[in-house]
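Here's the structure, in structure tokens; my notes come after.
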Amino acid sequence: MESIAIETNGLTRSFGSRPAVDNLTLTIPAGKVFGFLGPNGAGKTTTVRMLTTLIAPTSGTARVAGYRLGEDNESLRRSVGILTETPGLYDRLSARQNLMYFAQLYDLDSRKASSQTERYLRMLELWGRRDDPVGGFSRGMRQKLAIARALLHEPKIVFLDEPTVGLDPEASKIVRDFVRELRAEGRTIFLTTHNLADADELCDLIGVFQGQLLHLDTPARLRAELFGEGTQITLVGDAAPWIPIAESLSFVHSATATADLLTVALDNPSEQNPTLVAALVAAGAPVRYVTPQEHTLEEVYLQLLVNARVTRQLVEAGR
Amino acid sequence: MKRVLVILRKEWLELRQDRLILIGTFGPAIMLTLLPLLGMWAVRRAPDSPARDDTTLAEANAALLGLTGREFGQAILGQQLSVLFFLLPLIIPSVIAAYSIVGEKTGRTLEPLLATPLHTWQLLLGKTLAALLPAVAVTWGLSGIFVLGIRSLAVSSRVVDAIVSPGWVIVLICCTPLLALVTIALMVAISARVTDPRTAQQVSGVLVLPVVTVVVGQVTGKLVLNPSTALGVTAILALLATLALWVATRLFGREVVLTRWR
């Protein structure tokens, strides 16, 4: 049976009468990268703070790394690592002193604290600057140091709040590769980000959130559910004349043309594509390429937010 | 307690690396010690005059009765300036706590810190000790130097008795930690509202007012630090420190710090 890393049930947090997180119910299996997406002010940071015991929920329950929220918060905090929105480092202390401080707060003995500090400073390419005050570090170096800090005590679950924000492409790549390494080690990653390309590349599971959880699924299933399956056929010349041929097939839902590109919506491309292409070729269509239709995670995300807004407006209109 | 010591070590490491804080902390303390000793040395070199028989003075401050002109000069100067030592437990922790507590807030280090298994009381205790211990050590240490200086510069033992009175010693020993605790508690309260250490320090300046009142009381003869007054002041301060620390603990709750400290 797949073990569960994070499980929430009706988790809610209000500030005054305003709910920041409303009735969040989700299950994240261990060893997965979970992307938690949502616009600014959606309640993502509040959720992370609740799951890391920094703030208490108003109602609902959660279990993180096997510990129930509010019952054994100290053990829970030992099992998770967190990269906060801003790195939050001690500028006057060196990189090594910053990490040693946190390692000792996680109760690592001096030898272990020292070896873990060295391990992560080397891994994140900061060993050469280990004795420099952090105040002189670039944004990317600070972010890497903060990531190292979140991992010193080898947590089972790592919460990364916007890990690549403000980083140059090279530093972003280092962070992304590092997330992959963490997943390979079997850790669960709870990733909040606005960088949808990162989420698409890294996440096994996506939750789109705006006060409430709008959708939770794998990126592939989210795409399929929202936009259906499809095939794109690039032709030599205008694609519009070949629309009736495609639509004459019973399994084709619709076909559209943009310049030389014919986009065909169907249920099962892997089985139906040979028939579709054969029909087009038999009718004399000059087929150049056949590719699966791809929707970016950004399109999926924006569509989900639009759907949520429309639903909200309908509910309000019905009152 | 191990985590408290870890915090304490880190606070002092940061303190040692900031020259501005070190000067702001220990500069005034050294000045307040040297100033009265310099005055005592100057009076010692002045010409003497016979003792005065002043009953008004005797009622206000019996220790000054029957002193010669030079003795009187040294004693009155020493008494007034010795009260300034009570400023040290206000100045030193206010500088350290401003940077240590408000600094965590401005450096955005509180969230990762509170995400560790650290208990809030351990964090508050570590921060409190980081500011309290230097304040008490410096105040008592410099007071010791002050007393030694008085003993070597005083023209007679009557001057030493007038300055280093039992009341002054009681207040120095008992009130120094209490004054420092009240200051630290106030800094925690101020930290919830201000966004930079300098503002916190400026606001904490109100704490100087009670000490200034004592100085004025001494100068005008309305207040003499005899043992009973000293014990009364200690009792009031102990109550005040308890109340202030209780409020500080509530203001330093994990959730309060993260959601209401802006």
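Ligands are numbered from 1 in the order shown, chains are lettered A, B, ... in the order of the structure tokens, and residues start at 1 in each chain.
Using only C-alpha atoms, the protein and nucleic acid residues lying no more than 7 Å from segment 205-220 of chain A, apart from those fewer than 3 places from it along its own chain, are Ala20, Val21, Asp22, Asn23, Leu24, Val33, Phe34, Gly35, Phe36, Leu37, Gly38, Pro39, Ala42, Gly43, Asp200, Arg223 and Ala224 of chain A.
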Emit the selected residues as a PDB file, in the first residue's frame, including C-alpha atoms.
```
ATOM      1  CA  ALA A  20      -7.813  32.255   4.065  1.00  0.00           C
ATOM      2  CA  VAL A  21      -7.988  28.492   3.628  1.00  0.00           C
ATOM      3  CA  ASP A  22     -11.414  26.941   3.374  1.00  0.00           C
ATOM      4  CA  ASN A  23     -12.129  23.262   3.911  1.00  0.00           C
ATOM      5  CA  LEU A  24      -8.947  21.880   2.350  1.00  0.00           C
ATOM      6  CA  VAL A  33       6.436  16.157  -5.787  1.00  0.00           C
ATOM      7  CA  PHE A  34       3.202  18.024  -5.145  1.00  0.00           C
ATOM      8  CA  GLY A  35       2.753  21.380  -6.865  1.00  0.00           C
ATOM      9  CA  PHE A  36       0.490  23.761  -4.984  1.00  0.00           C
ATOM     10  CA  LEU A  37      -0.522  26.454  -7.441  1.00  0.00           C
ATOM     11  CA  GLY A  38      -2.633  29.532  -6.960  1.00  0.00           C
ATOM     12  CA  PRO A  39      -2.673  33.302  -7.434  1.00  0.00           C
ATOM     13  CA  ALA A  42      -4.839  32.441  -2.451  1.00  0.00           C
ATOM     14  CA  GLY A  43      -3.837  31.026   0.952  1.00  0.00           C
ATOM     15  CA  ASP A 200       5.049  21.117 -15.100  1.00  0.00           C
ATOM     16  CA  ARG A 223      -4.838  18.492 -19.287  1.00  0.00           C
ATOM     17  CA  ALA A 224      -6.974  15.647 -20.581  1.00  0.00           C
TER      18      ALA A 224
END
```
task = Would you kindly report the residues of chain B within 8 Å of chain A, using only C-alpha atoms, as a PyMOL selection string?
result = chain B and resi 3+6-7+10+13-14+17-18+107-118+254-255+258
message = Using only C-alpha atoms, which protein or nucleic acid residues come within 10 Å of Gln202 of chain B? Drop anything in the same chain fewer than 3 positions from it, and give the result as a count of residues only.
response = 8
Just the strand (DSSP E) stuff from segment 119-215 of chain A, please, per backbone DSSP, written as a PDB file with N, CA and C atoms, in the first residue's frame.
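And here's states_33.pdb as it stands now:
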```
ATOM      1  N   ILE A 157       9.700  15.214   4.622  1.00  0.00           N
ATOM      2  CA  ILE A 157       8.860  16.071   3.778  1.00  0.00           C
ATOM      3  C   ILE A 157       9.504  17.461   3.729  1.00  0.00           C
ATOM      4  N   VAL A 158       9.584  18.011   2.518  1.00  0.00           N
ATOM      5  CA  VAL A 158      10.195  19.339   2.374  1.00  0.00           C
ATOM      6  C   VAL A 158       9.175  20.287   1.753  1.00  0.00           C
ATOM      7  N   PHE A 159       8.951  21.405   2.424  1.00  0.00           N
ATOM      8  CA  PHE A 159       8.053  22.434   1.903  1.00  0.00           C
ATOM      9  C   PHE A 159       8.905  23.517   1.249  1.00  0.00           C
ATOM     10  N   LEU A 160       8.694  23.733  -0.024  1.00  0.00           N
ATOM     11  CA  LEU A 160       9.476  24.744  -0.738  1.00  0.00           C
ATOM     12  C   LEU A 160       8.512  25.827  -1.229  1.00  0.00           C
ATOM     13  N   ASP A 161       8.622  27.010  -0.653  1.00  0.00           N
ATOM     14  CA  ASP A 161       7.740  28.111  -1.015  1.00  0.00           C
ATOM     15  C   ASP A 161       8.475  28.990  -2.026  1.00  0.00           C
ATOM     16  N   THR A 188       9.212  13.563   0.067  1.00  0.00           N
ATOM     17  CA  THR A 188       8.010  14.191  -0.470  1.00  0.00           C
ATOM     18  C   THR A 188       8.271  15.692  -0.538  1.00  0.00           C
ATOM     19  N   ILE A 189       7.926  16.300  -1.664  1.00  0.00           N
ATOM     20  CA  ILE A 189       8.146  17.744  -1.820  1.00  0.00           C
ATOM     21  C   ILE A 189       6.799  18.429  -1.976  1.00  0.00           C
ATOM     22  N   PHE A 190       6.573  19.430  -1.157  1.00  0.00           N
ATOM     23  CA  PHE A 190       5.369  20.262  -1.266  1.00  0.00           C
ATOM     24  C   PHE A 190       5.859  21.592  -1.825  1.00  0.00           C
ATOM     25  N   LEU A 191       5.544  21.807  -3.112  1.00  0.00           N
ATOM     26  CA  LEU A 191       6.143  22.936  -3.819  1.00  0.00           C
ATOM     27  C   LEU A 191       5.075  23.981  -4.148  1.00  0.00           C
ATOM     28  N   THR A 192       5.218  25.187  -3.606  1.00  0.00           N
ATOM     29  CA  THR A 192       4.312  26.248  -4.048  1.00  0.00           C
ATOM     30  C   THR A 192       5.102  27.122  -5.007  1.00  0.00           C
ATOM     31  N   LEU A 205       2.010  15.606  -9.035  1.00  0.00           N
ATOM     32  CA  LEU A 205       0.627  15.877  -8.647  1.00  0.00           C
ATOM     33  C   LEU A 205       0.481  17.393  -8.533  1.00  0.00           C
ATOM     34  N   ILE A 206      -0.655  17.910  -9.031  1.00  0.00           N
ATOM     35  CA  ILE A 206      -0.857  19.357  -8.995  1.00  0.00           C
ATOM     36  C   ILE A 206      -2.158  19.656  -8.256  1.00  0.00           C
ATOM     37  N   GLY A 207      -2.114  20.625  -7.355  1.00  0.00           N
ATOM     38  CA  GLY A 207      -3.324  21.127  -6.715  1.00  0.00           C
ATOM     39  C   GLY A 207      -3.460  22.583  -7.067  1.00  0.00           C
ATOM     40  N   VAL A 208      -4.595  22.950  -7.686  1.00  0.00           N
ATOM     41  CA  VAL A 208      -4.813  24.370  -7.987  1.00  0.00           C
ATOM     42  C   VAL A 208      -5.723  24.916  -6.894  1.00  0.00           C
ATOM     43  N   PHE A 209      -5.283  25.999  -6.291  1.00  0.00           N
ATOM     44  CA  PHE A 209      -5.893  26.454  -5.046  1.00  0.00           C
ATOM     45  C   PHE A 209      -6.198  27.947  -5.093  1.00  0.00           C
ATOM     46  N   GLN A 210      -7.392  28.295  -4.649  1.00  0.00           N
ATOM     47  CA  GLN A 210      -7.726  29.709  -4.494  1.00  0.00           C
ATOM     48  C   GLN A 210      -8.692  29.815  -3.309  1.00  0.00           C
ATOM     49  N   GLN A 212      -9.944  27.732  -1.792  1.00  0.00           N
ATOM     50  CA  GLN A 212     -10.405  26.332  -1.785  1.00  0.00           C
ATOM     51  C   GLN A 212      -9.616  25.560  -2.834  1.00  0.00           C
ATOM     52  N   LEU A 213      -9.584  24.261  -2.671  1.00  0.00           N
ATOM     53  CA  LEU A 213      -8.885  23.438  -3.657  1.00  0.00           C
ATOM     54  C   LEU A 213      -9.795  23.304  -4.883  1.00  0.00           C
ATOM     55  N   LEU A 214      -9.333  23.838  -6.017  1.00  0.00           N
ATOM     56  CA  LEU A 214     -10.161  23.817  -7.221  1.00  0.00           C
ATOM     57  C   LEU A 214     -10.014  22.494  -7.961  1.00  0.00           C
ATOM     58  N   HIS A 215      -8.808  21.942  -7.961  1.00  0.00           N
ATOM     59  CA  HIS A 215      -8.575  20.701  -8.669  1.00  0.00           C
ATOM     60  C   HIS A 215      -7.327  20.016  -8.153  1.00  0.00           C
TER      61      HIS A 215
END
```
task = Name all residues at most 8 Å from segment 89-91 of chain B (count only C-alpha atoms; drop same-chain ones fewer than 2 positions away) and give them as a PyMOL selection string.
result = chain B and resi 25+85-87+93-95+135-136+139+176-177+179-180+183+207-208
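The residue that comes closest to Gly140 of chain A, out of A:Ala283, A:Ala239, A:Ala171, A:Val315 and on the basis of only C-alpha atoms, is A:Ala171.
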Distance query Ala259 of chain A at most 12 Å, only C-alpha atoms, self and fewer than 3 positions along chain excluded, as a count of residues only = 13
query = In Å to one decimal, how far is atom CA of Ala113 of chain A from atom CA of Ser172 of chain A?
reply = 26.7 Å
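The nearest approach to Pro19 of chain A among the residues A:Leu226, A:Ile4, A:Thr47, A:Thr164, with only C-alpha atoms taken into account, belongs to A:Thr47.
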All helix (DSSP H, G or I) residues (DSSP, backbone) inside segment 24-181 of chain B, as a ChimeraX atom specification = /B:24-44,55-60,62-64,69-106,110-114,120-153,157-163,166-181
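Separating atom CA of Pro36 of chain B from atom CA of Gln79 of chain B is a distance of 9.3 Å.
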message = Under the rule that only C-alpha atoms are counted, which of B:Val203, B:Leu123, B:Ile21, B:Leu84 is the nearest residue to Glu104 of chain B?
response = B:Leu123
query = So how many Å separate atom CA of Ser204 of chain B and atom CA of Met187 of chain B, to one decimal?
reply = 6.9 Å
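Summary of the local environment: counting only C-alpha atoms, residues at most 8 Å from Arg139 of chain A, other than itself and those fewer than 2 positions away along its chain, are Phe137, Met141, Arg142, Gln143, Gly166 and Leu167 of chain A.
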message = Given only C-alpha atoms as the basis, pick out the residue of B:Ser157, B:Ser100, B:Thr128, B:Thr249 nearest to Gln74 of chain B.
response = B:Ser157
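Shortest separation to Leu124 of chain B among B:Lys105, B:Asn61, B:Val4, B:Ala244 occurs at residue B:Val4, atoms counted being only C-alpha atoms.
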key: Test item: residues at most 8 Å from Ile170 of chain B, only C-alpha atoms, excluding those fewer than 3 positions along its chain, as a PyMOL selection string   = chain B and resi 166-167+173-175+227+230-231
